[in-house]
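The file data-v9.csv contains CSV, N, CA and C atoms and all ligand atoms:
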chain,number,residue,atom,x,y,z
A,11,MET,N,169.6,88.1,41.1
A,11,MET,CA,170.2,87.4,42.3
A,11,MET,C,169.9,88.2,43.5
A,12,SER,N,169.4,87.5,44.5
A,12,SER,CA,169.1,88.2,45.8
A,12,SER,C,170.4,88.5,46.5
A,13,SER,N,170.3,89.5,47.3
A,13,SER,CA,171.5,89.8,48.2
A,13,SER,C,171.5,89.0,49.4
A,14,LYS,N,170.4,88.3,49.7
A,14,LYS,CA,170.4,87.4,50.8
A,14,LYS,C,171.1,86.1,50.5
A,15,SER,N,171.5,85.4,51.6
A,15,SER,CA,172.2,84.2,51.4
A,15,SER,C,171.3,83.1,51.0
A,16,GLY,N,171.8,82.0,50.4
A,16,GLY,CA,171.0,80.9,50.0
A,16,GLY,C,170.3,81.0,48.7
A,17,THR,N,169.9,79.9,48.1
A,17,THR,CA,169.2,80.0,46.8
A,17,THR,C,167.7,79.9,47.0
A,18,SER,N,167.0,80.2,45.9
A,18,SER,CA,165.5,80.3,46.0
A,18,SER,C,165.0,78.9,46.2
A,19,SER,N,165.8,77.8,45.9
A,19,SER,CA,165.3,76.5,46.1
A,19,SER,C,165.6,75.9,47.4
A,20,GLU,N,166.2,76.7,48.3
A,20,GLU,CA,166.5,76.2,49.6
A,20,GLU,C,165.3,76.3,50.5
A,21,TYR,N,165.0,75.2,51.2
A,21,TYR,CA,163.8,75.2,52.1
A,21,TYR,C,164.2,75.3,53.5
A,22,VAL,N,163.3,76.0,54.3
A,22,VAL,CA,163.6,76.1,55.7
A,22,VAL,C,162.3,75.7,56.5
A,23,LYS,N,162.5,75.0,57.6
A,23,LYS,CA,161.4,74.5,58.4
A,23,LYS,C,160.8,75.7,59.1
A,24,VAL,N,159.5,75.9,59.0
A,24,VAL,CA,158.8,77.1,59.6
A,24,VAL,C,157.7,76.7,60.6
A,25,ALA,N,157.2,75.5,60.5
A,25,ALA,CA,156.0,75.2,61.4
A,25,ALA,C,155.8,73.7,61.3
A,26,LYS,N,155.0,73.3,62.3
A,26,LYS,CA,154.5,71.9,62.3
A,26,LYS,C,153.2,71.9,61.6
A,27,VAL,N,152.9,70.7,61.0
A,27,VAL,CA,151.6,70.6,60.3
A,27,VAL,C,150.5,70.9,61.3
A,28,SER,N,150.6,70.4,62.5
A,28,SER,CA,149.6,70.6,63.5
A,28,SER,C,149.3,72.0,63.9
A,29,GLU,N,150.2,72.9,63.5
A,29,GLU,CA,150.1,74.3,63.8
A,29,GLU,C,149.3,75.1,62.8
A,30,VAL,N,149.1,74.5,61.6
A,30,VAL,CA,148.4,75.2,60.5
A,30,VAL,C,147.2,74.4,60.1
A,31,ASN,N,146.2,74.4,60.9
A,31,ASN,CA,145.0,73.7,60.5
A,31,ASN,C,144.3,74.4,59.3
A,32,GLU,N,143.4,73.6,58.7
A,32,GLU,CA,142.7,74.1,57.6
A,32,GLU,C,142.0,75.4,58.0
A,33,GLY,N,142.2,76.4,57.1
A,33,GLY,CA,141.5,77.7,57.3
A,33,GLY,C,142.3,78.7,58.2
A,34,SER,N,143.4,78.2,58.8
A,34,SER,CA,144.1,79.1,59.7
A,34,SER,C,145.2,79.9,58.9
A,35,LEU,N,145.7,81.0,59.5
A,35,LEU,CA,146.7,81.8,59.0
A,35,LEU,C,147.8,82.0,60.0
A,36,LYS,N,149.0,81.7,59.6
A,36,LYS,CA,150.1,81.7,60.5
A,36,LYS,C,151.2,82.7,60.0
A,37,ARG,N,151.5,83.7,60.8
A,37,ARG,CA,152.6,84.6,60.4
A,37,ARG,C,154.0,83.9,60.6
A,38,ILE,N,154.8,84.1,59.6
A,38,ILE,CA,156.2,83.6,59.7
A,38,ILE,C,157.1,84.7,59.5
A,39,ASP,N,158.1,84.9,60.3
A,39,ASP,CA,159.1,85.9,60.1
A,39,ASP,C,160.4,85.2,59.6
A,40,LEU,N,160.7,85.5,58.4
A,40,LEU,CA,161.7,84.7,57.7
A,40,LEU,C,162.8,85.6,57.2
A,41,ASP,N,163.9,85.7,58.0
A,41,ASP,CA,165.1,86.5,57.6
A,41,ASP,C,164.6,88.0,57.3
A,42,GLY,N,163.7,88.5,58.1
A,42,GLY,CA,163.3,89.9,57.9
A,42,GLY,C,162.1,90.0,57.0
A,43,ASP,N,161.7,89.0,56.3
A,43,ASP,CA,160.5,89.1,55.5
A,43,ASP,C,159.4,88.4,56.2
A,44,VAL,N,158.2,89.0,56.0
A,44,VAL,CA,157.0,88.5,56.7
A,44,VAL,C,156.2,87.7,55.7
A,45,VAL,N,155.9,86.5,56.1
A,45,VAL,CA,155.2,85.5,55.2
A,45,VAL,C,154.0,85.0,55.9
A,46,VAL,N,152.9,84.8,55.2
A,46,VAL,CA,151.7,84.2,55.9
A,46,VAL,C,151.5,82.8,55.3
A,47,LEU,N,151.4,81.8,56.2
A,47,LEU,CA,151.3,80.4,55.8
A,47,LEU,C,149.8,80.0,56.1
A,48,THR,N,149.2,79.3,55.1
A,48,THR,CA,147.9,78.9,55.3
A,48,THR,C,147.6,77.5,54.7
A,49,ASN,N,146.5,77.0,55.0
A,49,ASN,CA,146.0,75.7,54.6
A,49,ASN,C,144.6,75.7,54.1
A,50,VAL,N,144.5,75.5,52.8
A,50,VAL,CA,143.1,75.5,52.2
A,50,VAL,C,142.8,74.1,51.6
A,51,GLY,N,141.9,73.4,52.3
A,51,GLY,CA,141.6,72.1,51.8
A,51,GLY,C,142.7,71.1,51.8
A,52,GLY,N,143.7,71.3,52.7
A,52,GLY,CA,144.8,70.4,52.8
A,52,GLY,C,146.0,70.8,51.9
A,53,GLU,N,145.8,71.9,51.1
A,53,GLU,CA,146.9,72.4,50.3
A,53,GLU,C,147.5,73.6,51.1
A,54,TYR,N,148.8,73.7,51.2
A,54,TYR,CA,149.5,74.8,51.9
A,54,TYR,C,150.0,75.8,51.0
A,55,TYR,N,149.8,77.1,51.4
A,55,TYR,CA,150.3,78.2,50.6
A,55,TYR,C,151.1,79.2,51.5
A,56,ALA,N,152.1,79.8,50.9
A,56,ALA,CA,152.9,80.7,51.6
A,56,ALA,C,153.0,82.0,50.7
A,57,ILE,N,152.6,83.1,51.2
A,57,ILE,CA,152.5,84.3,50.4
A,57,ILE,C,153.0,85.5,51.3
A,58,GLY,N,153.5,86.5,50.6
A,58,GLY,CA,154.0,87.7,51.4
A,58,GLY,C,152.9,88.1,52.4
A,59,GLY,N,153.4,88.5,53.6
A,59,GLY,CA,152.5,88.7,54.7
A,59,GLY,C,152.1,90.1,55.0
A,60,ILE,N,152.6,91.0,54.2
A,60,ILE,CA,152.3,92.4,54.5
A,60,ILE,C,151.5,93.0,53.3
A,61,CYS,N,150.3,93.5,53.5
A,61,CYS,CA,149.4,93.9,52.5
A,61,CYS,C,150.1,95.1,51.7
A,62,HIS,N,150.0,95.0,50.4
A,62,HIS,CA,150.6,96.1,49.6
A,62,HIS,C,149.7,97.3,49.5
A,63,HIS,N,148.6,97.3,50.2
A,63,HIS,CA,147.7,98.5,50.2
A,63,HIS,C,148.3,99.5,51.2
A,64,GLU,N,148.1,99.1,52.5
A,64,GLU,CA,148.6,100.0,53.5
A,64,GLU,C,149.3,99.2,54.6
A,65,GLU,N,149.9,98.1,54.2
A,65,GLU,CA,150.8,97.4,55.1
A,65,GLU,C,150.2,96.7,56.3
A,66,TRP,N,149.0,96.3,56.3
A,66,TRP,CA,148.5,95.6,57.4
A,66,TRP,C,149.0,94.1,57.3
A,67,ASP,N,149.0,93.5,58.5
A,67,ASP,CA,149.5,92.1,58.6
A,67,ASP,C,148.4,91.2,58.0
A,68,LEU,N,148.8,90.5,57.0
A,68,LEU,CA,147.8,89.6,56.3
A,68,LEU,C,147.4,88.4,57.1
A,69,SER,N,148.2,88.1,58.1
A,69,SER,CA,147.8,86.9,59.0
A,69,SER,C,146.6,87.3,59.8
A,70,GLU,N,146.2,88.5,59.9
A,70,GLU,CA,145.0,88.9,60.6
A,70,GLU,C,143.8,89.0,59.7
A,71,GLY,N,144.0,88.6,58.5
A,71,GLY,CA,142.9,88.6,57.5
A,71,GLY,C,142.0,87.4,57.6
A,72,MET,N,141.2,87.2,56.6
A,72,MET,CA,140.4,85.9,56.7
A,72,MET,C,140.3,85.3,55.3
A,73,LEU,N,140.0,84.0,55.3
A,73,LEU,CA,140.0,83.3,54.0
A,73,LEU,C,138.6,83.2,53.4
A,74,GLU,N,138.6,83.3,52.1
A,74,GLU,CA,137.3,83.0,51.4
A,74,GLU,C,137.8,82.1,50.2
A,75,GLY,N,137.7,80.8,50.4
A,75,GLY,CA,138.3,79.9,49.4
A,75,GLY,C,139.8,80.1,49.3
A,76,HIS,N,140.3,80.4,48.1
A,76,HIS,CA,141.7,80.6,47.9
A,76,HIS,C,142.0,82.1,47.9
A,77,THR,N,141.1,82.9,48.4
A,77,THR,CA,141.3,84.4,48.5
A,77,THR,C,141.5,84.7,50.0
A,78,LEU,N,142.6,85.5,50.2
A,78,LEU,CA,142.9,86.0,51.5
A,78,LEU,C,142.4,87.5,51.5
A,79,VAL,N,141.5,87.8,52.4
A,79,VAL,CA,140.9,89.1,52.5
A,79,VAL,C,141.6,89.9,53.6
A,80,CYS,N,142.3,91.0,53.3
A,80,CYS,CA,143.0,91.8,54.3
A,80,CYS,C,142.0,92.4,55.3
A,81,ALA,N,142.4,92.3,56.6
A,81,ALA,CA,141.6,92.8,57.7
A,81,ALA,C,141.6,94.4,57.6
A,82,GLY,N,142.6,94.9,57.0
A,82,GLY,CA,142.7,96.4,57.0
A,82,GLY,C,141.5,97.0,56.3
A,83,HIS,N,141.4,96.9,55.0
A,83,HIS,CA,140.3,97.5,54.2
A,83,HIS,C,139.7,96.6,53.2
A,84,GLY,N,140.0,95.3,53.3
A,84,GLY,CA,139.3,94.3,52.4
A,84,GLY,C,140.0,94.0,51.1
A,85,ALA,N,141.3,94.4,50.9
A,85,ALA,CA,141.9,94.0,49.7
A,85,ALA,C,141.9,92.5,49.6
A,86,GLU,N,141.8,92.0,48.3
A,86,GLU,CA,141.7,90.5,48.1
A,86,GLU,C,142.9,90.0,47.5
A,87,TRP,N,143.5,89.0,48.1
A,87,TRP,CA,144.8,88.4,47.6
A,87,TRP,C,144.6,86.9,47.2
A,88,ASP,N,145.0,86.6,46.0
A,88,ASP,CA,144.8,85.2,45.4
A,88,ASP,C,146.0,84.4,45.9
A,89,LEU,N,145.8,83.4,46.7
A,89,LEU,CA,146.9,82.6,47.3
A,89,LEU,C,147.6,81.8,46.2
A,90,LYS,N,147.0,81.6,45.1
A,90,LYS,CA,147.7,80.8,44.0
A,90,LYS,C,148.6,81.6,43.1
A,91,THR,N,148.2,82.9,42.9
A,91,THR,CA,149.0,83.7,42.0
A,91,THR,C,149.7,84.9,42.7
A,92,GLY,N,149.2,85.2,43.9
A,92,GLY,CA,149.8,86.4,44.6
A,92,GLY,C,149.2,87.7,44.1
A,93,THR,N,148.3,87.7,43.1
A,93,THR,CA,147.7,88.9,42.7
A,93,THR,C,146.7,89.4,43.7
A,94,GLY,N,146.6,90.8,43.7
A,94,GLY,CA,145.7,91.4,44.7
A,94,GLY,C,145.0,92.6,44.1
A,95,LYS,N,143.9,92.9,44.7
A,95,LYS,CA,143.2,94.1,44.2
A,95,LYS,C,142.5,94.8,45.4
A,96,TYR,N,142.5,96.1,45.3
A,96,TYR,CA,141.7,96.9,46.1
A,96,TYR,C,141.2,98.1,45.3
A,97,ASP,N,140.1,98.0,44.7
A,97,ASP,CA,139.6,98.8,43.7
A,97,ASP,C,140.4,98.6,42.4
A,98,GLU,N,141.7,98.8,42.5
A,98,GLU,CA,142.5,98.5,41.3
A,98,GLU,C,143.6,97.5,41.7
A,99,PRO,N,144.2,96.8,40.7
A,99,PRO,CA,145.2,95.8,41.0
A,99,PRO,C,146.3,96.4,41.9
A,100,LEU,N,146.8,95.6,42.8
A,100,LEU,CA,148.0,96.0,43.6
A,100,LEU,C,149.2,95.2,43.2
A,101,GLU,N,150.3,95.7,43.5
A,101,GLU,CA,151.6,95.0,43.2
A,101,GLU,C,151.5,93.5,43.8
A,102,PRO,N,151.7,92.5,43.0
A,102,PRO,CA,151.5,91.1,43.5
A,102,PRO,C,152.4,90.8,44.8
A,103,GLU,N,151.8,90.0,45.6
A,103,GLU,CA,152.6,89.5,46.8
A,103,GLU,C,153.6,88.4,46.3
A,104,PRO,N,154.7,88.3,46.9
A,104,PRO,CA,155.6,87.2,46.6
A,104,PRO,C,155.0,85.8,47.0
A,105,LEU,N,155.3,84.8,46.3
A,105,LEU,CA,154.8,83.4,46.6
A,105,LEU,C,156.1,82.6,46.9
A,106,TYR,N,155.9,81.8,47.9
A,106,TYR,CA,157.0,80.9,48.4
A,106,TYR,C,156.6,79.4,48.1
A,107,GLY,N,157.6,78.6,47.8
A,107,GLY,CA,157.3,77.2,47.6
A,107,GLY,C,157.1,76.6,49.0
A,108,VAL,N,156.2,75.6,49.0
A,108,VAL,CA,155.9,74.9,50.3
A,108,VAL,C,156.1,73.4,50.1
A,109,LYS,N,156.6,72.7,51.1
A,109,LYS,CA,156.6,71.3,51.1
A,109,LYS,C,156.5,70.7,52.5
A,110,ILE,N,156.0,69.5,52.6
A,110,ILE,CA,155.8,68.9,53.8
A,110,ILE,C,156.8,67.7,54.0
A,111,GLU,N,157.4,67.7,55.1
A,111,GLU,CA,158.3,66.5,55.4
A,111,GLU,C,157.9,66.0,56.7
A,112,GLY,N,157.3,64.8,56.7
A,112,GLY,CA,156.8,64.3,58.0
A,112,GLY,C,155.8,65.2,58.6
A,113,GLN,N,156.1,65.7,59.8
A,113,GLN,CA,155.2,66.6,60.5
A,113,GLN,C,155.6,68.0,60.4
A,114,ASP,N,156.6,68.3,59.5
A,114,ASP,CA,157.1,69.6,59.4
A,114,ASP,C,156.6,70.3,58.1
A,115,ILE,N,156.4,71.6,58.1
A,115,ILE,CA,156.1,72.4,56.9
A,115,ILE,C,157.4,73.2,56.7
A,116,LEU,N,157.9,73.1,55.4
A,116,LEU,CA,159.0,73.9,55.0
A,116,LEU,C,158.6,74.8,53.9
A,117,ILE,N,159.2,76.0,53.9
A,117,ILE,CA,159.0,76.9,52.7
A,117,ILE,C,160.4,77.4,52.2
A,118,THR,N,160.3,77.8,50.9
A,118,THR,CA,161.6,78.3,50.3
A,118,THR,C,162.0,79.5,51.0
A,119,ARG,N,163.3,79.7,51.2
A,119,ARG,CA,163.9,80.8,51.9
A,119,ARG,C,163.6,82.1,51.1
A,120,HIS,N,163.5,82.0,49.8
A,120,HIS,CA,163.2,83.2,49.0
A,120,HIS,C,161.9,82.9,48.1
A,121,PRO,N,161.3,83.9,47.7
A,121,PRO,CA,160.1,83.7,46.8
A,121,PRO,C,160.4,83.0,45.6
A,122,VAL,N,159.5,82.2,45.1
A,122,VAL,CA,159.7,81.5,43.8
A,122,VAL,C,158.9,82.2,42.7
A,123,LYS,N,158.0,83.2,43.1
A,123,LYS,CA,157.2,84.0,42.1
A,123,LYS,C,157.0,85.4,42.7
A,124,ASN,N,156.9,86.3,41.8
A,124,ASN,CA,156.6,87.7,42.2
A,124,ASN,C,157.7,88.2,43.1
A,125,LYS,N,158.9,87.9,42.8
A,125,LYS,CA,160.1,88.3,43.7
A,125,LYS,C,160.3,89.8,43.7
A,201,LIG,S1,146.1,97.5,54.2
A,201,LIG,FE1,145.3,95.7,53.3
A,201,LIG,S2,143.4,96.4,52.4
A,201,LIG,FE2,144.3,98.2,53.3

Full structure transcribed into structure tokens:
Amino acid sequence: MSSKSGTSSEYVKVAKVSEVNEGSLKRIDLDGDVVVLTNVGGEYYAIGGICHHEEWDLSEGMLEGHTLVCAGHGAEWDLKTGTGKYDEPLEPEPLYGVKIEGQDILITRHPVKNK
């Protein structure tokens, strides 16, 4: 159980659909946690936004398909699983649930995977 308020199934509005075009990366500051929100082929993903290699901001990285490549030193993060590697596997990034309501993008207040 997290020490933060709310349950992992609670969603919060974080952006408009129009703010997250395909291939873009948007940094979200969520109750002190940094999350990066992205859109690949019309599917939205929300993943921990600080690289577990040397803590670069992953919203400054670039996408290669479903892989987010860190701008720092090129660690590769899988948007679907949260797994990452830089020579060797890194501690996985947390994954957040994402849903669309009208023109709004909502993510879970807490990670649903790799908490
Ligand atoms: S900080 Fe991300 S690859 Fe080094």

What's the 6 Å shell around stretch 85-94 of chain A, counting only N, CA and C atoms, without same-chain residues fewer than 5 positions away, as a ChimeraX atom specification?
-> /A:76-80,99-105

Would you name the residues within 6 Å of ligand LIG 201 (chain A), counting all atoms listed in the file, and put them as a ChimeraX atom specification?
-> /A:61-66,80-85

From the set A:Thr118, A:Gln113, A:Asn124, A:Ser19, which residue has the shortest atom-to-atom contact distance to A:Leu40, counting only C-alpha atoms?
-> A:Thr118

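With only N, CA and C atoms taken into account, the protein and nucleic acid residues at most 8 Å from A:Lys26 (excluding it and anything under 5 positions from it in its own chain) are Asn31, Gly112, Gln113, Asp114, Ile115 and Leu116 of chain A.
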
Distance in Å - atom C of A:Ile117 versus atom C of A:Met72 | 21.8 Å

In stretch 17-125 of chain A, what's strand (DSSP E) per DSSP? Answer as a ChimeraX atom specification?
-> /A:21-26,35-40,43-50,53-58,72-74,77-79,86-88,94-96,98-100,105-106,108-111,114-118

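Shortest atom-to-atom contact with A:Val46 among A:Ile110, A:Ile60, A:Val122, A:Val24: A:Ile60, counting only N, CA and C atoms.
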
Rounded to one decimal place, report the atom CA of A:Pro121-atom CA of A:Lys109 distance in Å.
->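 A separation of 13.6 Å between them.
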